[in-house]
file start.txt (compact mmCIF, C-alpha atoms)
# COMPACT_ATOMS: atom_id res chain seq x y z
CA MET A 23 10.54 6.51 14.24
CA THR A 24 7.38 7.45 12.30
CA ILE A 25 6.01 10.71 10.94
CA ALA A 26 2.97 12.37 12.50
CA ALA A 27 -0.35 10.76 11.61
CA THR A 28 -2.07 12.18 8.52
CA CYS A 29 -5.21 11.47 6.52
CA PRO A 30 -4.73 8.41 4.27
CA ARG A 31 -6.88 10.07 1.58
CA CYS A 32 -5.20 13.48 1.32
CA LEU A 33 -2.21 13.54 3.71
CA GLY A 34 -3.87 16.40 5.55
CA PRO A 35 -3.45 16.94 9.31
CA LEU A 36 -5.74 15.13 11.71
CA ARG A 37 -7.53 16.06 14.87
CA PRO A 38 -6.94 13.32 17.46
CA PRO A 39 -9.71 11.63 19.48
CA ASP A 40 -11.22 13.78 22.21
CA LEU A 41 -14.20 13.86 24.57
CA TRP A 42 -16.63 14.11 21.64
CA SER A 43 -15.18 11.49 19.28
CA SER A 44 -13.06 8.36 19.59
CA GLN A 45 -11.87 8.71 15.98
CA TYR A 46 -9.16 10.67 14.23
CA ARG A 47 -10.77 13.31 12.00
CA CYS A 48 -9.73 15.06 8.81
CA ASP A 49 -11.32 18.45 8.11
CA GLU A 50 -12.09 17.33 4.55
CA HIS A 51 -12.81 13.61 4.85
CA GLY A 52 -14.23 13.27 8.35
CA GLU A 53 -13.40 10.22 10.46
CA VAL A 54 -10.44 8.30 9.02
CA SER A 55 -7.82 5.75 9.98
CA PRO A 56 -4.62 7.66 10.84
CA TYR A 57 -1.84 7.07 8.31
CA ARG A 58 1.84 6.81 9.19
CA THR A 59 5.08 5.82 7.50
CA ALA A 60 8.33 4.62 9.01
CA VAL A 61 11.10 7.21 8.70
CA SER A 62 13.71 4.97 10.31
CA SER A 63 13.74 1.44 11.68
CA ARG A 64 11.77 0.24 8.68
CA GLU A 65 12.78 -3.33 9.45
CA GLN A 66 11.25 -3.09 12.92
CA SER A 67 8.10 -1.48 11.51
CA LEU A 68 7.67 -4.30 9.03
CA HIS A 69 8.12 -6.84 11.81
CA ALA A 70 5.54 -5.02 13.93
CA LEU A 71 3.04 -5.05 11.06
CA ALA A 72 3.57 -8.79 10.64
CA THR A 73 2.36 -9.32 14.19
CA SER A 74 -0.35 -6.64 14.50
CA SER A 75 -1.96 -5.99 11.13
CA THR A 76 -5.58 -6.97 10.51
CA VAL A 77 -4.95 -7.04 6.72
CA PRO A 78 -2.22 -8.72 4.65
CA VAL A 79 1.29 -7.31 4.42
CA TRP A 80 2.21 -8.20 0.85
CA LEU A 81 5.80 -8.76 -0.22
CA PRO A 82 7.05 -10.44 -3.42
CA GLU A 83 8.75 -13.77 -2.85
CA PRO A 84 11.06 -13.98 -4.65
CA MET A 85 11.74 -10.27 -5.04
CA PRO A 86 12.26 -9.11 -8.66
CA VAL A 87 15.96 -9.06 -9.51
CA HIS A 88 17.79 -6.04 -8.04
CA TRP A 89 14.65 -4.74 -6.30
CA TYR A 90 14.52 -3.79 -2.62
CA VAL A 91 12.09 -2.52 0.03
CA SER A 92 11.99 1.29 0.01
CA GLY A 93 9.21 2.13 2.44
CA VAL A 94 6.66 0.89 4.98
CA GLY A 95 3.33 2.56 5.72
CA TRP A 96 0.06 1.71 7.44
CA ALA A 97 -3.29 3.18 8.44
CA GLY A 98 -5.06 2.39 11.70
CA ASP A 99 -4.96 3.26 15.38
CA ASP A 100 -4.27 1.39 18.60
CA ARG A 101 -7.94 0.51 18.90
CA THR A 102 -8.43 -1.04 15.45
CA GLY A 103 -4.91 -2.10 14.59
CA PRO A 104 -3.60 -1.50 11.05
CA ARG A 105 -6.54 -1.54 8.60
CA ALA A 106 -4.29 -0.85 5.62
CA THR A 107 -0.66 -1.63 4.85
CA ALA A 108 1.62 -0.26 2.13
CA LEU A 109 5.01 -1.64 1.17
CA ALA A 110 7.06 0.36 -1.33
CA LEU A 111 9.59 -1.43 -3.51
CA ALA A 112 12.14 0.02 -5.92
CA GLY A 113 14.38 -1.34 -8.64
CA PRO A 114 15.10 -1.30 -12.37
CA SER A 115 12.20 -0.87 -14.80
CA PRO A 116 11.91 -3.54 -17.51
CA LEU A 117 12.52 -0.78 -20.10
CA GLY A 118 15.42 0.73 -18.20
CA GLY A 119 15.73 3.41 -15.58
CA PRO A 120 14.46 3.36 -11.99
CA ALA A 121 10.98 2.20 -11.06
CA GLU A 122 8.87 1.90 -7.95
CA MET A 123 5.94 -0.27 -6.97
CA ILE A 124 3.68 0.09 -3.93
CA LEU A 125 1.62 -2.87 -2.72
CA VAL A 126 -1.42 -1.91 -0.65
CA ALA A 127 -3.80 -4.16 1.26
CA GLU A 128 -6.73 -2.36 2.83
CA GLU A 129 -10.21 -2.73 4.16
CA PRO A 130 -12.93 -0.94 2.15
CA GLY A 131 -13.31 2.72 2.99
CA VAL A 132 -9.74 3.51 4.06
CA GLY A 133 -8.76 5.31 0.85
CA LEU A 134 -4.98 4.82 0.94
CA GLY A 135 -4.77 2.84 -2.31
CA ALA A 136 -6.98 5.33 -4.14
CA ARG A 137 -4.77 8.25 -3.10
CA LEU A 138 -1.62 6.50 -4.25
CA ALA A 139 -3.28 5.56 -7.54
CA GLY A 140 -4.45 9.16 -7.98
CA ILE A 141 -8.16 8.41 -8.34
CA ALA A 142 -11.28 9.51 -6.53
CA GLY A 143 -11.69 7.41 -3.40
CA PRO A 144 -11.94 5.81 -1.10
CA ASP A 145 -12.67 2.63 -3.09
CA PRO A 146 -12.52 1.71 -6.79
CA GLU A 147 -15.72 1.75 -8.76
CA ALA A 148 -17.20 -1.44 -10.23
CA LEU A 149 -14.63 -3.45 -12.16
CA PRO A 150 -16.37 -4.71 -15.31
CA GLY A 151 -14.80 -6.57 -18.18
CA VAL A 152 -11.74 -8.75 -18.24
CA PRO A 153 -8.76 -8.16 -15.93
CA GLU A 154 -5.52 -7.35 -17.71
CA ALA A 155 -3.05 -8.74 -15.17
CA LYS A 156 -2.76 -11.53 -12.69
CA VAL A 157 -0.57 -12.12 -9.66
CA GLU A 158 -0.33 -14.97 -7.20
CA ALA A 159 -1.31 -13.82 -3.70
CA ALA A 160 -1.03 -16.20 -0.74
CA GLY A 161 -1.00 -19.15 -3.14
CA HIS A 162 -4.07 -18.10 -5.14
CA PRO A 163 -4.23 -16.66 -8.68
CA THR A 164 -5.57 -13.13 -8.26
CA ALA A 165 -7.04 -11.07 -11.09
CA MET A 166 -6.01 -7.41 -11.27
CA TRP A 167 -8.00 -4.74 -13.10
CA PRO A 168 -6.29 -1.68 -14.63
CA LEU A 169 -7.45 1.77 -13.54
CA VAL A 170 -7.53 5.09 -15.35
CA VAL A 171 -4.89 7.09 -13.47
CA PRO A 172 -2.54 10.06 -14.02
CA PRO A 173 -0.03 9.44 -16.85
CA ASP A 174 3.01 9.26 -14.58
CA ARG A 175 1.92 5.92 -13.11
CA ALA A 176 0.02 2.68 -13.65
CA ALA A 177 -2.37 1.13 -11.15
CA PHE A 178 -4.21 -2.16 -10.79
CA VAL A 179 -6.67 -3.37 -8.19
CA GLY A 180 -8.07 -6.75 -7.19
CA GLU A 181 -9.19 -8.58 -4.09
CA ALA A 182 -7.19 -11.00 -1.95
CA ARG A 183 -7.97 -12.40 1.47
CA GLY A 184 -11.22 -10.48 1.56
CA VAL A 185 -9.73 -6.97 1.20
CA TRP A 186 -8.49 -4.74 -1.62
CA LEU A 187 -5.11 -5.40 -3.19
CA TRP A 188 -3.64 -2.42 -5.03
CA LEU A 189 -0.53 -2.33 -7.23
CA VAL A 190 0.69 1.16 -8.14
CA LEU A 191 3.80 1.59 -10.29
CA TRP A 192 5.95 4.52 -11.42
CA PRO A 193 6.60 5.20 -14.27
CA ALA A 194 3.62 3.81 -16.18
CA ASP A 195 5.71 1.46 -18.31
CA ALA A 196 6.99 -0.25 -15.15
CA ALA A 197 3.70 -2.19 -15.35
CA LEU A 198 5.54 -4.51 -17.74
CA ILE A 199 6.95 -6.19 -14.65
CA LEU A 200 3.52 -7.80 -14.25
CA LEU A 201 4.26 -9.86 -17.35
CA GLU A 202 6.53 -11.84 -15.06
CA HIS A 203 5.07 -14.30 -12.58
CA LEU A 204 4.74 -12.03 -9.56
CA VAL A 205 4.23 -14.07 -6.39
CA LEU A 206 3.07 -12.21 -3.28
CA ARG A 207 3.28 -13.63 0.21
CA ASP A 208 1.69 -12.29 3.35
CA VAL A 209 4.46 -11.43 5.80
CA ARG A 210 2.05 -12.33 8.61
CA ASP A 211 2.30 -15.95 7.43
CA ALA A 212 6.06 -15.91 6.97
CA PRO A 213 7.82 -13.23 9.06
CA GLU A 214 11.17 -14.57 7.94
CA ILE A 215 10.76 -13.12 4.43
CA GLY A 216 10.55 -9.66 5.95
CA GLU A 217 13.54 -10.31 8.18
CA ARG A 218 15.73 -11.23 5.22
CA SER A 219 14.53 -8.40 2.96
CA PHE A 220 17.02 -5.80 1.75
CA PHE A 221 16.14 -2.18 2.50
CA GLY A 222 17.38 0.66 0.32
CA ALA A 223 16.78 4.35 -0.42
CA VAL A 224 13.56 5.69 1.12
CA SER A 225 10.47 6.01 -1.07
CA GLU A 226 8.93 9.44 -1.55
CA HIS A 227 5.69 8.19 -3.08
CA LEU A 228 4.33 7.06 0.28
CA THR A 229 4.31 10.62 1.63
CA VAL A 230 4.41 13.13 -1.25
CA GLY A 231 2.89 13.72 -4.63
CA PRO A 232 -0.34 15.17 -5.99
CA PRO A 233 -3.44 14.16 -4.08
CA ALA A 234 -6.16 12.07 -5.63
CA VAL A 235 -9.08 13.77 -7.33
CA ARG A 236 -11.72 14.01 -4.60
call {"tool": "encode", "arguments": {"input": "start.txt", "output": "structure tokens"}}
result
Amino acid sequence: MTIAATCPRCLGPLRPPDLWSSQYRCDEHGEVSPYRTAVSSREQSLHALATSSTVPVWLPEPMPVHWYVSGVGWAGDDRTGPRATALALAGPSPLGGPAEMILVAEEPGVGLGARLAGIAGPDPEALPGVPEAKVEAAGHPTAMWPLVVPPDRAAFVGEARGVWLWLVLWPADAALILLEHLVLRDVRDAPEIGERSFFGAVSEHLTVGPPAVR
């Protein structure tokens, strides 16, 4: 089961394709890729993304200790296939208390990562200077640049497999988890890592929260 499609940039309602347009349309952002999240059967949704997505479906392997998958989201329609994927993970923050991390892979122009990060979208601006974090994505060291975001979170962005890779974490000090060697694998390459993932309480960050500055 999934929720009704919304705009990936603002979560606003969409007008479906009709005789005049083959695209979903948001009153504020125009033509967009419809965004959905799995309300139930998250395991099946992750499996479906592994076989249909046009962009990576990133999942840590191994998962940080005591962390679990808390949500699955994607943007795209039946014509394009998923053009963005979002996997939410939850677990203990390095400084104590609960934390959440959302991994987004998306084609330029979708705007899902920017909304979750809380910045003007749809894409990050130029990324000058030296990156402050690094992850391993699909076997390759991947530089991640920090973004200026609302104080309740931390966000980093880089590029992997030719599309954006976003890491958004709540609270902001949960970013300390990046001091560990975070290894990301594309579930499309290894569906078995999704099949053996543990799913826990459902994430709220995929569907609620203040919209990005537009």
call {"tool": "closest_residue", "arguments": {"input": "start.txt", "among": "A:Pro163, A:Pro172, A:Pro120, A:Pro56", "to": "Ile141 (chain A)", "atoms": "all atoms listed in the file"}}
result
A:Pro172
call {"tool": "closest_residue", "arguments": {"input": "start.txt", "among": "A:Leu33, A:Ala72, A:Ala148, A:Val91", "to": "Val54 (chain A)", "atoms": "all atoms listed in the file"}}
result
A:Leu33
call {"tool": "residues_around", "arguments": {"input": "start.txt", "residues": "Pro116 (chain A)", "least_positions_apart": "4", "cutoff": "7 Å", "atoms": "all atoms listed in the file", "output": "ChimeraX atom specification"}}
result
/A:196,198-199
call {"tool": "residues_around", "arguments": {"input": "start.txt", "residues": "Gly133 (chain A)", "least_positions_apart": "6", "cutoff": "7 Å", "atoms": "only C-alpha atoms", "output": "ChimeraX atom specification"}}
result
/A:30-31,143-145
call {"tool": "write_last_selection", "arguments": {"input": "start.txt", "atoms": "C-alpha atoms", "output": "short mmCIF file (atom, residue, chain, number, x, y, z; two decimals), in the coordinates of the input"}}
result
data_model
loop_
_atom_site.label_atom_id
_atom_site.label_comp_id
_atom_site.auth_asym_id
_atom_site.auth_seq_id
_atom_site.Cartn_x
_atom_site.Cartn_y
_atom_site.Cartn_z
CA PRO A 30 -4.73 8.41 4.27
CA ARG A 31 -6.88 10.07 1.58
CA GLY A 143 -11.69 7.41 -3.40
CA PRO A 144 -11.94 5.81 -1.10
CA ASP A 145 -12.67 2.63 -3.09
#
call {"tool": "axis_aligned_box", "arguments": {"input": "start.txt", "around": "region 25-40 of chain A", "padding_each_side": "6 Å", "output": "JSON"}}
result
{"center_x": -2.6, "center_y": 12.7, "center_z": 11.8, "size_x": 29.2, "size_y": 20.5, "size_z": 32.9}
call {"tool": "decode", "arguments": {"input": "start.txt", "residues": "region 170-185 of chain A", "atoms": "C-alpha atoms", "output": "compact mmCIF listing (two decimals), in the first residue's frame"}}
result
# COMPACT_ATOMS: atom_id res chain seq x y z
CA VAL A 170 23.62 24.93 4.94
CA VAL A 171 20.30 23.57 6.22
CA PRO A 172 17.81 24.14 9.07
CA PRO A 173 19.37 23.56 12.51
CA ASP A 174 17.35 20.43 13.27
CA ARG A 175 19.25 18.38 10.68
CA ALA A 176 22.50 17.89 8.78
CA ALA A 177 22.75 17.24 5.05
CA PHE A 178 25.47 16.24 2.62
CA VAL A 179 25.41 15.80 -1.13
CA GLY A 180 27.70 14.15 -3.67
CA GLU A 181 27.48 12.24 -6.91
CA ALA A 182 27.49 8.48 -7.42
CA ARG A 183 26.66 6.46 -10.51
CA GLY A 184 25.98 9.63 -12.45
CA VAL A 185 23.18 10.99 -10.21
